[in-house]
>>> print(open('model_18.cif').read())   # mmCIF, C-alpha atoms
data_run
loop_
_atom_site.group_PDB
_atom_site.id
_atom_site.type_symbol
_atom_site.label_atom_id
_atom_site.label_comp_id
_atom_site.auth_asym_id
_atom_site.auth_seq_id
_atom_site.Cartn_x
_atom_site.Cartn_y
_atom_site.Cartn_z
ATOM 1 C CA GLN E 1 -7.948 -17.882 -2.342
ATOM 2 C CA LYS E 2 -5.913 -14.724 -1.890
ATOM 3 C CA GLU E 3 -2.151 -14.804 -2.365
ATOM 4 C CA VAL E 4 -1.675 -12.963 0.927
ATOM 5 C CA GLU E 5 -3.836 -13.558 3.984
ATOM 6 C CA GLN E 6 -3.550 -11.281 6.995
ATOM 7 C CA ASP E 7 -5.011 -11.803 10.448
ATOM 8 C CA PRO E 8 -8.042 -9.502 10.251
ATOM 9 C CA GLY E 9 -8.263 -8.117 13.769
ATOM 10 C CA PRO E 10 -9.141 -5.640 15.058
ATOM 11 C CA LEU E 11 -6.652 -5.922 17.877
ATOM 12 C CA SER E 12 -6.892 -3.992 21.133
ATOM 13 C CA VAL E 13 -4.087 -4.152 23.702
ATOM 14 C CA PRO E 14 -3.041 -2.207 26.804
ATOM 15 C CA GLU E 15 -0.062 0.106 26.625
ATOM 16 C CA GLY E 16 3.205 -1.766 27.142
ATOM 17 C CA ALA E 17 1.938 -5.051 25.683
ATOM 18 C CA ILE E 18 3.783 -7.092 23.076
ATOM 19 C CA VAL E 19 1.877 -7.177 19.814
ATOM 20 C CA SER E 20 2.139 -9.854 17.138
ATOM 21 C CA LEU E 21 0.795 -9.205 13.633
ATOM 22 C CA ASN E 22 0.829 -12.032 11.120
ATOM 23 C CA CYS E 23 0.465 -12.834 7.421
ATOM 24 C CA THR E 24 0.600 -16.006 5.392
ATOM 25 C CA TYR E 25 1.175 -16.267 1.662
ATOM 26 C CA SER E 26 1.025 -18.840 -1.094
ATOM 27 C CA ASN E 27 3.369 -17.511 -3.810
ATOM 28 C CA SER E 28 6.846 -19.044 -3.508
ATOM 29 C CA ALA E 29 8.272 -16.324 -5.783
ATOM 30 C CA PHE E 30 7.928 -13.656 -3.105
ATOM 31 C CA GLN E 31 11.364 -12.547 -1.943
ATOM 32 C CA TYR E 32 10.745 -9.140 -0.368
ATOM 33 C CA PHE E 33 8.494 -8.708 2.615
ATOM 34 C CA MET E 34 7.310 -5.325 3.843
ATOM 35 C CA TRP E 35 5.212 -3.932 6.630
ATOM 36 C CA TYR E 36 3.409 -0.647 6.124
ATOM 37 C CA ARG E 37 1.732 1.428 8.809
ATOM 38 C CA GLN E 38 -1.325 3.489 7.971
ATOM 39 C CA TYR E 39 -2.724 6.056 10.353
ATOM 40 C CA SER E 40 -6.369 6.979 10.081
ATOM 41 C CA ARG E 41 -7.132 9.033 6.955
ATOM 42 C CA LYS E 42 -3.486 8.917 5.813
ATOM 43 C CA GLY E 43 -1.538 7.018 3.177
ATOM 44 C CA PRO E 44 0.463 3.913 4.103
ATOM 45 C CA GLU E 45 4.120 4.415 4.985
ATOM 46 C CA LEU E 46 6.845 1.815 4.935
ATOM 47 C CA LEU E 47 7.731 0.587 8.408
ATOM 48 C CA MET E 48 10.097 -2.304 7.751
ATOM 49 C CA TYR E 49 11.229 -4.611 5.007
ATOM 50 C CA THR E 50 13.126 -7.888 4.967
ATOM 51 C CA TYR E 51 14.651 -9.949 2.205
ATOM 52 C CA SER E 52 14.202 -13.714 2.299
ATOM 53 C CA SER E 53 14.034 -15.536 5.627
ATOM 54 C CA GLY E 54 15.232 -14.249 8.963
ATOM 55 C CA ASN E 55 14.673 -11.515 11.498
ATOM 56 C CA LYS E 56 15.180 -7.785 11.318
ATOM 57 C CA GLU E 57 14.993 -5.461 14.278
ATOM 58 C CA ASP E 58 14.448 -1.713 14.362
ATOM 59 C CA GLY E 59 13.909 -0.244 17.786
ATOM 60 C CA ARG E 60 10.711 -1.684 19.233
ATOM 61 C CA PHE E 61 9.812 -3.418 15.968
ATOM 62 C CA THR E 62 10.945 -6.852 14.788
ATOM 63 C CA ALA E 63 10.027 -8.330 11.427
ATOM 64 C CA GLN E 64 10.282 -12.074 11.037
ATOM 65 C CA VAL E 65 10.073 -14.135 7.840
ATOM 66 C CA ASP E 66 9.790 -17.906 7.615
ATOM 67 C CA LYS E 67 9.817 -18.799 3.933
ATOM 68 C CA SER E 68 9.570 -22.526 4.593
ATOM 69 C CA SER E 69 6.206 -21.967 6.290
ATOM 70 C CA LYS E 70 5.265 -18.984 4.083
ATOM 71 C CA TYR E 71 4.614 -16.951 7.198
ATOM 72 C CA ILE E 72 5.672 -13.464 8.249
ATOM 73 C CA SER E 73 5.224 -11.584 11.481
ATOM 74 C CA LEU E 74 5.700 -8.122 12.911
ATOM 75 C CA PHE E 75 6.317 -7.833 16.630
ATOM 76 C CA ILE E 76 5.912 -4.577 18.517
ATOM 77 C CA ARG E 77 7.457 -4.424 21.989
ATOM 78 C CA ASP E 78 6.375 -1.987 24.687
ATOM 79 C CA SER E 79 3.451 -0.850 22.530
ATOM 80 C CA GLN E 80 2.448 2.811 22.751
ATOM 81 C CA PRO E 81 -0.828 4.615 21.996
ATOM 82 C CA SER E 82 1.011 6.198 19.042
ATOM 83 C CA ASP E 83 1.288 2.695 17.521
ATOM 84 C CA SER E 84 -2.489 2.677 17.039
ATOM 85 C CA ALA E 85 -2.901 2.300 13.273
ATOM 86 C CA THR E 86 -3.655 -0.212 10.556
ATOM 87 C CA TYR E 87 -0.704 -2.436 9.650
ATOM 88 C CA LEU E 88 -0.451 -3.846 6.145
ATOM 89 C CA CYS E 89 1.872 -6.631 5.115
ATOM 90 C CA ALA E 90 3.117 -6.583 1.523
ATOM 91 C CA MET E 91 5.244 -8.888 -0.590
ATOM 92 C CA SER E 92 6.899 -8.831 -3.969
ATOM 93 C CA GLY E 93 9.162 -10.779 -6.248
ATOM 94 C CA ARG E 94 12.232 -9.265 -7.864
ATOM 95 C CA THR E 95 10.884 -9.242 -11.414
ATOM 96 C CA ASN E 96 7.477 -7.817 -10.637
ATOM 97 C CA ALA E 97 7.670 -4.232 -11.940
ATOM 98 C CA GLY E 98 7.918 -3.145 -8.338
ATOM 99 C CA LYS E 99 4.393 -4.347 -7.707
ATOM 100 C CA SER E 100 3.591 -5.556 -4.252
ATOM 101 C CA THR E 101 0.737 -7.759 -3.123
ATOM 102 C CA PHE E 102 -0.857 -6.390 0.017
ATOM 103 C CA GLY E 103 -2.725 -8.025 2.861
ATOM 104 C CA ASP E 104 -6.043 -6.481 3.899
ATOM 105 C CA GLY E 105 -4.561 -4.954 7.040
ATOM 106 C CA THR E 106 -4.928 -5.384 10.792
ATOM 107 C CA THR E 107 -6.179 -2.451 12.841
ATOM 108 C CA LEU E 108 -4.384 -2.086 16.163
ATOM 109 C CA THR E 109 -5.523 0.033 19.095
ATOM 110 C CA VAL E 110 -3.180 0.529 22.039
ATOM 111 C CA LYS E 111 -5.061 1.780 25.089
ATOM 112 C CA PRO E 112 -3.310 4.032 27.650
ATOM 113 C CA ASN V 113 11.055 16.966 -1.192
ATOM 114 C CA ALA V 114 7.270 16.840 -1.280
ATOM 115 C CA GLY V 115 7.317 13.095 -2.022
ATOM 116 C CA VAL V 116 4.034 11.979 -3.571
ATOM 117 C CA THR V 117 1.205 14.488 -3.826
ATOM 118 C CA GLN V 118 -2.370 13.949 -4.955
ATOM 119 C CA THR V 119 -4.971 16.386 -6.238
ATOM 120 C CA PRO V 120 -7.758 16.790 -5.202
ATOM 121 C CA LYS V 121 -8.029 15.559 -1.605
ATOM 122 C CA PHE V 122 -11.824 15.237 -1.690
ATOM 123 C CA ARG V 123 -14.415 15.126 -4.443
ATOM 124 C CA VAL V 124 -18.124 14.433 -4.765
ATOM 125 C CA LEU V 125 -19.450 13.418 -8.167
ATOM 126 C CA LYS V 126 -22.841 12.559 -9.557
ATOM 127 C CA THR V 127 -23.315 9.311 -11.435
ATOM 128 C CA GLY V 128 -22.141 9.702 -15.008
ATOM 129 C CA GLN V 129 -19.792 12.612 -14.394
ATOM 130 C CA SER V 130 -16.133 12.408 -15.278
ATOM 131 C CA MET V 131 -13.033 13.495 -13.434
ATOM 132 C CA THR V 132 -9.252 13.173 -13.389
ATOM 133 C CA LEU V 133 -7.098 12.531 -10.345
ATOM 134 C CA LEU V 134 -3.561 13.846 -10.524
ATOM 135 C CA CYS V 135 -0.542 12.264 -8.870
ATOM 136 C CA ALA V 136 2.893 13.857 -8.838
ATOM 137 C CA GLN V 137 6.197 12.608 -7.423
ATOM 138 C CA ASP V 138 9.518 14.375 -7.119
ATOM 139 C CA MET V 139 11.741 11.364 -6.363
ATOM 140 C CA ASN V 140 12.536 10.526 -9.998
ATOM 141 C CA HIS V 141 10.890 7.123 -9.596
ATOM 142 C CA GLU V 142 10.269 4.970 -12.648
ATOM 143 C CA TYR V 143 7.273 3.075 -11.289
ATOM 144 C CA MET V 144 3.951 4.587 -10.349
ATOM 145 C CA TYR V 145 0.685 2.995 -9.214
ATOM 146 C CA TRP V 146 -2.954 3.758 -8.561
ATOM 147 C CA TYR V 147 -4.816 1.845 -5.833
ATOM 148 C CA ARG V 148 -8.247 1.981 -4.358
ATOM 149 C CA GLN V 149 -8.896 1.142 -0.736
ATOM 150 C CA ASP V 150 -12.290 0.022 0.481
ATOM 151 C CA PRO V 151 -13.234 -1.089 4.003
ATOM 152 C CA GLY V 152 -12.242 -4.699 4.616
ATOM 153 C CA MET V 153 -10.709 -5.094 1.150
ATOM 154 C CA GLY V 154 -7.217 -3.705 1.561
ATOM 155 C CA LEU V 155 -5.393 -2.022 -1.301
ATOM 156 C CA ARG V 156 -6.351 -3.086 -4.797
ATOM 157 C CA LEU V 157 -4.171 -2.138 -7.753
ATOM 158 C CA ILE V 158 -6.062 -0.333 -10.528
ATOM 159 C CA HIS V 159 -3.329 0.520 -13.049
ATOM 160 C CA TYR V 160 0.394 0.995 -12.937
ATOM 161 C CA SER V 161 3.247 2.350 -15.021
ATOM 162 C CA VAL V 162 6.834 1.185 -15.344
ATOM 163 C CA GLY V 163 8.040 4.347 -17.036
ATOM 164 C CA GLU V 164 7.103 7.474 -18.953
ATOM 165 C CA GLY V 165 4.674 6.682 -21.738
ATOM 166 C CA THR V 166 3.784 3.205 -20.402
ATOM 167 C CA THR V 167 0.705 1.943 -18.571
ATOM 168 C CA ALA V 168 -0.583 -1.490 -17.606
ATOM 169 C CA LYS V 169 -3.712 -2.935 -16.025
ATOM 170 C CA GLY V 170 -3.785 -4.013 -12.449
ATOM 171 C CA GLU V 171 -6.285 -6.070 -10.511
ATOM 172 C CA VAL V 172 -9.376 -3.839 -10.919
ATOM 173 C CA PRO V 173 -8.939 -1.680 -14.071
ATOM 174 C CA ASP V 174 -12.525 -1.555 -15.371
ATOM 175 C CA GLY V 175 -14.037 1.926 -15.457
ATOM 176 C CA TYR V 176 -10.669 3.685 -15.156
ATOM 177 C CA ASN V 177 -8.069 4.984 -17.581
ATOM 178 C CA VAL V 178 -4.574 6.298 -16.926
ATOM 179 C CA SER V 179 -1.849 8.255 -18.630
ATOM 180 C CA ARG V 180 1.839 8.851 -17.882
ATOM 181 C CA LEU V 181 2.922 11.572 -20.290
ATOM 182 C CA LYS V 182 5.625 12.829 -17.945
ATOM 183 C CA LYS V 183 7.782 10.741 -15.647
ATOM 184 C CA GLN V 184 6.734 12.665 -12.566
ATOM 185 C CA ASN V 185 2.965 12.576 -13.196
ATOM 186 C CA PHE V 186 0.420 9.774 -13.301
ATOM 187 C CA LEU V 187 -3.218 10.610 -14.056
ATOM 188 C CA LEU V 188 -6.247 8.477 -13.220
ATOM 189 C CA GLY V 189 -9.450 9.169 -15.131
ATOM 190 C CA LEU V 190 -13.031 8.158 -14.519
ATOM 191 C CA GLU V 191 -15.005 8.673 -17.711
ATOM 192 C CA SER V 192 -18.482 7.927 -16.335
ATOM 193 C CA ALA V 193 -18.478 7.660 -12.559
ATOM 194 C CA ALA V 194 -20.577 4.998 -10.820
ATOM 195 C CA PRO V 195 -21.489 4.662 -7.116
ATOM 196 C CA SER V 196 -19.313 1.515 -6.993
ATOM 197 C CA GLN V 197 -16.315 3.795 -7.552
ATOM 198 C CA THR V 198 -16.843 5.511 -4.215
ATOM 199 C CA SER V 199 -13.564 4.830 -2.465
ATOM 200 C CA VAL V 200 -10.291 6.254 -1.254
ATOM 201 C CA TYR V 201 -7.714 6.402 -4.028
ATOM 202 C CA PHE V 202 -3.997 6.235 -3.331
ATOM 203 C CA CYS V 203 -1.171 6.907 -5.687
ATOM 204 C CA ALA V 204 2.270 5.457 -5.041
ATOM 205 C CA SER V 205 5.681 5.513 -6.656
ATOM 206 C CA SER V 206 8.670 3.260 -6.224
ATOM 207 C CA GLY V 207 12.268 3.047 -7.222
ATOM 208 C CA TRP V 208 14.788 0.296 -6.884
ATOM 209 C CA THR V 209 16.927 1.030 -3.824
ATOM 210 C CA GLY V 210 19.448 -1.706 -4.486
ATOM 211 C CA THR V 211 17.672 -4.082 -2.166
ATOM 212 C CA THR V 212 13.972 -3.670 -2.728
ATOM 213 C CA ASP V 213 11.278 -1.678 -4.433
ATOM 214 C CA THR V 214 9.870 0.510 -1.692
ATOM 215 C CA GLN V 215 6.562 2.158 -2.410
ATOM 216 C CA TYR V 216 5.883 5.703 -1.269
ATOM 217 C CA PHE V 217 2.244 6.641 -0.996
ATOM 218 C CA GLY V 218 0.409 9.895 -1.388
ATOM 219 C CA PRO V 219 -2.151 11.171 1.148
ATOM 220 C CA GLY V 220 -5.149 9.852 -0.779
ATOM 221 C CA THR V 221 -8.228 11.227 -2.539
ATOM 222 C CA ARG V 222 -11.629 10.550 -1.007
ATOM 223 C CA LEU V 223 -14.172 10.199 -3.797
ATOM 224 C CA THR V 224 -17.910 9.897 -3.314
ATOM 225 C CA VAL V 225 -20.163 9.137 -6.264
ATOM 226 C CA LEU V 226 -23.834 9.862 -5.650
#
>>> encode(input="model_18.cif", output="structure tokens")
Amino acid sequence: QKEVEQDPGPLSVPEGAIVSLNCTYSNSAFQYFMWYRQYSRKGPELLMYTYSSGNKEDGRFTAQVDKSSKYISLFIRDSQPSDSATYLCAMSGRTNAGKSTFGDGTTLTVKP
Amino acid sequence: NAGVTQTPKFRVLKTGQSMTLLCAQDMNHEYMYWYRQDPGMGLRLIHYSVGEGTTAKGEVPDGYNVSRLKKQNFLLGLESAAPSQTSVYFCASSGWTGTTDTQYFGPGTRLTVL
């Protein structure tokens, strides 16, 4: 079983919809939780990160971590066609040489 | 700042040929990584380095070698390419920001082995 499981998708929504992307994990040592966005034929880029449990908001994006359930989510409000990309969750512990464990990604398409 | 750059962007090899992929970063990061990304399999760590002169194996190291002779460069070598090594290769670097290790990725190298 993988340490990080991500809802596989693909996901297709109309413009303006609220999108929920989710990952579960099994390693209790994970403390840092990241979401990367990867456009087609590009490298991943960091979108948001959170430390431990709680919510973090940045514009239309909200990252949520529930360590008790080992579950993280990324919410996108008022989704736009420019949000169409693959979203990767990633997690790491503090003493992990900076290594992150990535989910397999969820591909999102926002239709105009 | 150029961030993380990778050379080449595309390459086609025949089975048995060798090649080296070059990664360079200008952010003075200590940590560097090589990943491969295949459809439906996410990012898999090949090798990584925690500083100049150091390397370590990741999740899928077989068939690859690496070197980190200079802090800003991380080389990935394929000594005898196989079709199973057809993939997109990403290099990344990270540095402790005081709150987390954020990885910065290069644009990728698309490798096809015939």
>>> resolve_selection(input="model_18.cif", expression="the PyMOL selection byres ((chain V) within 12 of (chain E))", output="JSON, numbers by chain")
{"V": [115, 116, 117, 118, 121, 122, 141, 142, 143, 144, 145, 146, 147, 148, 149, 150, 151, 152, 153, 154, 155, 156, 157, 158, 159, 160, 161, 162, 163, 166, 167, 168, 169, 170, 171, 200, 201, 202, 203, 204, 205, 206, 207, 208, 209, 210, 211, 212, 213, 214, 215, 216, 217, 218, 219, 220, 221, 222]}
>>> residues_near_point(input="model_18.cif", point="(-13.6, 11.3, -14.8)", cutoff="8 Å", atoms="all atoms listed in the file", output="PyMOL selection string")
chain V and resi 129-133+189-193
>>> atom_distance(input="model_18.cif", atom1="CA of Ile76 in chain E", atom2="CA of Thr107 in chain E")
13.5 Å
>>> residues_near_point(input="model_18.cif", point="(-1.0, 4.6, 33.2)", cutoff="12 Å", atoms="only C-alpha atoms", output="MDAnalysis selection string")
chainID E and resid 14:16 80:81 111:112
>>> resolve_selection(input="model_18.cif", expression="the PyMOL selection byres ((chain V and resi 165) around 6)", output="JSON list (two decimals) with C-alpha atoms, in the coordinates of the input")
[["chain", "number", "residue", "atom", "x", "y", "z"],
["V", 164, "GLU", "CA", 7.10, 7.47, -18.95],
["V", 166, "THR", "CA", 3.78, 3.20, -20.40],
["V", 180, "ARG", "CA", 1.84, 8.85, -17.88],
["V", 181, "LEU", "CA", 2.92, 11.57, -20.29]]
